[in-house]
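Colleague: I have a structure I would like to understand better, so I am pasting it below and will then ask my questions one at a time.
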Amino acid sequence: MGEFSGKVAFVTGAGTGIGAAVVRRFVEAGGQVALMGRGRDVLERVAEPIGGLVVAGDAADTEAVREAMRRTRERFGGIDVLVANAGGHGVGALLETDDAAWAQATRLNLDTAFVCAREAMPDLVARGGSIVIVSSLAGHFSGPDVVGYVTMKHALLGLTRSIARDFGRHGVRANAVCPGWVRTEMADEQMRALVAQRRLRDVAEAYGLVTQDVPLGRPAEPDEIADAVLFLASPRARMITGTSLMVDGGASAVDLPTIAFAPEHARAG
């Protein structure tokens with residue numbers, strides 16, 4: 001009997017990276033899982049060994065989500081936990097972002113969470129469930145030339161707090177997880193771009209470069225983010241709602257204007 005025995009999670013962006021890790025961790029903890037994403041093949045590879053239900057589709061499409069949740073209820077009886085993990089890029093600074101790029105960043109990062117939360121809410125109210133939204137370190141801070149991504153990750157924190165405020169009296173909790181760099185397929189793509197840009201040796205050196213000023217000095221693994229997600233969804237976090245949990249190796253604790261005074265920078269100079 002695991003911590004989530006008898007519970008059902010609906011996970012978006014479940015085919016790779018953090019989403020796939022959440023799915024595996026939830027099943028290990030005794031729960032049952034519906035996996036949503038746009039790539040059926042990758043979802044089936046994750047679901048097959050654990051008995052998860054694949055409900056492929058676009059998590060920003062209301063009709064697709066309604067059908068996916070209908071199938072989930074038909075198979076498992078209802079939804080206790082929504083993990084809104086689906087997301088994507090929003091690359092470009094303000095003047096480089098046209099209407100189509102802005103709309104895509106909104107759809108991939110914000111609409112997916114909003115639509116799934118709205119459609120899952122009747123179940124969550126009936127079952128005293130919870131929502132965990134995967135935002136980002138970029139939900140609190142800004143990286144260069146990613147106005148769409150940064151804006152939508154900030155907006156996800158507003159969505160989290162609004163849901164917590166409105167549905168806490170109905171027994172529903174909502175929290176966000178904000179990862180820093182995580183070793184995933186999507187992050188690997190960004191590291192390969194950095195390798196080419198900076199003429200680095202390989203992806204490992206690129207990860208080292210982007211985490212050189214992070215106190216723990218490394219990127220997270222997907223399982224480490226999944227552990228935080230499961231904690232927030234669990235009864236152990238029953239008094240926690242409307243908050244965002246930084247899972248960033250201490251990146252958000254760093255005072256950027258003082259980095260030059262750090263001993264490792266002095267040695268390098």
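Chain lettering (A, B, ...) mirrors the order of the structure tokens, residue numbering begins at 1 for each chain separately, and ligand numbering begins at 1 in order of display.
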Given only C-alpha atoms, how would the per-residue table for stretch 113-224 of chain A near stretch 8-18 of chain A read, listing every residue at most 7 Å away with its closest atom pair and distance in Å to one decimal, sorted by chain and number, as a tab-separated table?
Modeller:
```
residue	atom	partner	partner_atom	distance
A:Thr184	CA	A:Gly17	CA	5.0
A:Glu185	CA	A:Gly17	CA	6.5
A:Pro222	CA	A:Ile18	CA	4.7
```
Colleague: Next, the residues of the selection above should be written as a PDB file, in the first residue's frame with C-alpha atoms.
Modeller:
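Final output, saved to part_17.pdb:
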```pdb
ATOM      1  CA  THR A 184      15.626  16.594 -20.040  1.00  0.00           C
ATOM      2  CA  GLU A 185      15.311  16.191 -23.792  1.00  0.00           C
ATOM      3  CA  PRO A 222      13.618  14.617 -13.671  1.00  0.00           C
TER       4      PRO A 222
END
```
Colleague: Can you list, as a VMD selection string, every protein, DNA or RNA residue that comes within 10 Å of A:Arg118 when you count only C-alpha atoms, leaving out same-chain residues fewer than 4 positions away?
Modeller: chain A and resid 62 65 113 to 114 122 163
Colleague: How would the residues just chosen look if you wrote them out with all heavy atoms as a CSV table (one decimal), in the first residue's frame?
Modeller:
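Wrote selection25.csv, looks like this:
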```
chain,number,residue,atom,x,y,z
A,62,THR,N,-10.0,22.1,-25.6
A,62,THR,CA,-11.0,21.7,-24.6
A,62,THR,C,-11.7,20.4,-24.9
A,62,THR,O,-11.9,19.6,-24.1
A,62,THR,CB,-12.1,22.8,-24.6
A,62,THR,OG1,-11.5,24.0,-24.1
A,62,THR,CG2,-13.3,22.4,-23.7
A,65,VAL,N,-9.4,17.5,-24.2
A,65,VAL,CA,-9.2,17.3,-22.8
A,65,VAL,C,-10.5,16.6,-22.2
A,65,VAL,O,-10.4,15.7,-21.3
A,65,VAL,CB,-8.9,18.6,-22.1
A,65,VAL,CG1,-8.9,18.4,-20.5
A,65,VAL,CG2,-7.5,19.1,-22.5
A,113,ALA,N,-2.5,24.4,-19.0
A,113,ALA,CA,-2.8,24.3,-17.6
A,113,ALA,C,-4.2,24.8,-17.2
A,113,ALA,O,-5.0,24.2,-16.5
A,113,ALA,CB,-1.8,25.1,-16.7
A,114,PHE,N,-4.6,25.9,-17.8
A,114,PHE,CA,-6.0,26.5,-17.6
A,114,PHE,C,-7.1,25.5,-18.0
A,114,PHE,O,-8.0,25.2,-17.2
A,114,PHE,CB,-6.1,27.8,-18.3
A,114,PHE,CG,-7.5,28.3,-18.4
A,114,PHE,CD1,-8.0,28.9,-17.2
A,114,PHE,CD2,-8.3,28.2,-19.5
A,114,PHE,CE1,-9.4,29.4,-17.2
A,114,PHE,CE2,-9.6,28.6,-19.5
A,114,PHE,CZ,-10.1,29.2,-18.4
A,122,PRO,N,-14.4,19.7,-11.4
A,122,PRO,CA,-15.6,18.9,-10.7
A,122,PRO,C,-15.1,17.7,-10.0
A,122,PRO,O,-15.6,17.4,-8.9
A,122,PRO,CB,-16.5,18.6,-11.9
A,122,PRO,CG,-16.2,19.7,-12.9
A,122,PRO,CD,-14.7,20.0,-12.8
A,163,ILE,N,-6.6,29.7,-8.4
A,163,ILE,CA,-7.3,28.5,-8.1
A,163,ILE,C,-7.3,28.2,-6.6
A,163,ILE,O,-8.3,27.8,-6.0
A,163,ILE,CB,-6.7,27.3,-8.9
A,163,ILE,CG1,-6.9,27.5,-10.4
A,163,ILE,CG2,-7.2,25.9,-8.4
A,163,ILE,CD1,-6.1,26.5,-11.3
```
Colleague: Using only C-alpha atoms, which protein or nucleic acid residues come within 9 Å of A:His154? Drop anything in the same chain fewer than 5 positions from it, and give the result as a CSV table (one decimal) with C-alpha atoms, in the first residue's frame.
Modeller:
```csv
chain,number,residue,atom,x,y,z
A,135,SER,CA,6.1,26.5,-13.8
A,136,SER,CA,9.8,27.3,-13.8
A,138,ALA,CA,11.5,31.7,-15.2
A,139,GLY,CA,8.2,32.1,-13.3
A,140,HIS,CA,10.0,34.3,-10.8
A,141,PHE,CA,12.9,35.7,-12.9
A,149,TYR,CA,8.2,31.7,-22.0
```
Colleague: Mind running stretch 69-168 of chain A against stretch 29-48 of chain A at 8 Å and telling me each contacting residue's nearest atom pair with the distance in Å (one decimal), counting only C-alpha atoms, chain and number ascending, as CSV?
Modeller:
```
residue,atom,partner,partner_atom,distance
A:Thr72,CA,A:Ala34,CA,6.3
A:Phe76,CA,A:Gln32,CA,7.7
A:Ala86,CA,A:Gly37,CA,7.6
```
Colleague: Find the spatial neighbours of A:Ala117, counting only C-alpha atoms, within a cut-off of 10 Å - ignore same-chain residues fewer than 4 positions away - and output them as a list in words.
Modeller: Leu82, Val83, Ala84, Asp111, Thr112, Ala113, Met121, Pro122, Leu124, Ser130, Ile131, Val132, Ile133, Leu159, Thr160, Ile163 and Ala174 of chain A
Colleague: Go through A:Leu156, A:Ala59, A:Val147, A:Ile50 and flag the residue nearest A:Val27, using only C-alpha atoms for the distances.
Modeller: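 Among A:Leu156, A:Ala59, A:Val147, A:Ile50, it is A:Ile50 that comes nearest to A:Val27.
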Colleague: Any idea what's packed within 12 Å of A:Ile225, counting only C-alpha atoms, ignoring anything in its chain fewer than 5 positions away? Could you give it as a ChimeraX atom specification?
Modeller: /A:17-23,25,85,132-136,176-184,219-220,230-232,245-249
Colleague: Between atom CA of A:Arg169 and atom CA of A:Arg107, what is the distance, to one decimal in Å?
Modeller: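 Atom-to-atom, atom CA of A:Arg169 and atom CA of A:Arg107 are spaced 29.1 Å apart.
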Colleague: Taking into account only C-alpha atoms, which residue in the set A:Val146, A:Ala193, A:Met186, A:Ala60 is nearest to A:Val115?
Modeller: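 Between A:Val146, A:Ala193, A:Met186, A:Ala60, the residue approaching A:Val115 most closely is A:Ala60.
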Colleague: Need to verify the contact set: A:Arg192, 8 Å, only C-alpha atoms, exclusion of same-chain residues closer than 5 positions in sequence. Can you return it as a PyMOL selection string?
Modeller: chain A and resi 202-203+206
Colleague: Please produce a file of the residues just selected, as a compact mmCIF listing (two decimals), in the first residue's frame, where the atoms kept are all heavy atoms.
Modeller:
```txt
# COMPACT_ATOMS: atom_id res chain seq x y z
N ASP A 202 30.96 19.65 -25.31
CA ASP A 202 29.81 18.77 -25.38
C ASP A 202 28.69 19.30 -24.48
O ASP A 202 28.83 20.35 -23.84
CB ASP A 202 30.19 17.34 -24.97
CG ASP A 202 30.91 17.27 -23.62
OD1 ASP A 202 30.69 18.18 -22.78
OD2 ASP A 202 31.68 16.32 -23.40
N VAL A 203 27.58 18.56 -24.45
CA VAL A 203 26.41 18.95 -23.65
C VAL A 203 26.75 18.99 -22.17
O VAL A 203 26.28 19.87 -21.43
CB VAL A 203 25.24 17.99 -23.93
CG1 VAL A 203 24.16 18.12 -22.87
CG2 VAL A 203 24.65 18.26 -25.32
N ALA A 206 28.20 22.20 -21.36
CA ALA A 206 27.17 23.24 -21.39
C ALA A 206 26.36 23.25 -20.10
O ALA A 206 26.08 24.33 -19.54
CB ALA A 206 26.26 23.02 -22.60
```
Colleague: By how many Å are atom CA of A:Asp188 and atom CA of A:Glu96 apart?
Modeller: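 About the pair atom CA of A:Asp188 and atom CA of A:Glu96: they are 23.6 Å apart.
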Colleague: My list of candidates is A:Glu63, A:Asp223, A:Val125, A:Arg218. Which is closest to A:Arg24 when distances are computed with only C-alpha atoms?
Modeller: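 Checking each candidate against A:Arg24, we get A:Asp223 as the closest.
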Colleague: Would you please work out which residue, of A:Ser5, A:Thr211, A:Gln190, A:Thr151, is nearest to A:Val254 when using only C-alpha atoms?
Modeller: A:Thr211
Colleague: Tell me, in Å to one decimal, how far atom CA of A:Phe26 is from atom CA of A:Asp80.
Modeller: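 Result for atom CA of A:Phe26 versus atom CA of A:Asp80: 11.9 Å, one decimal.
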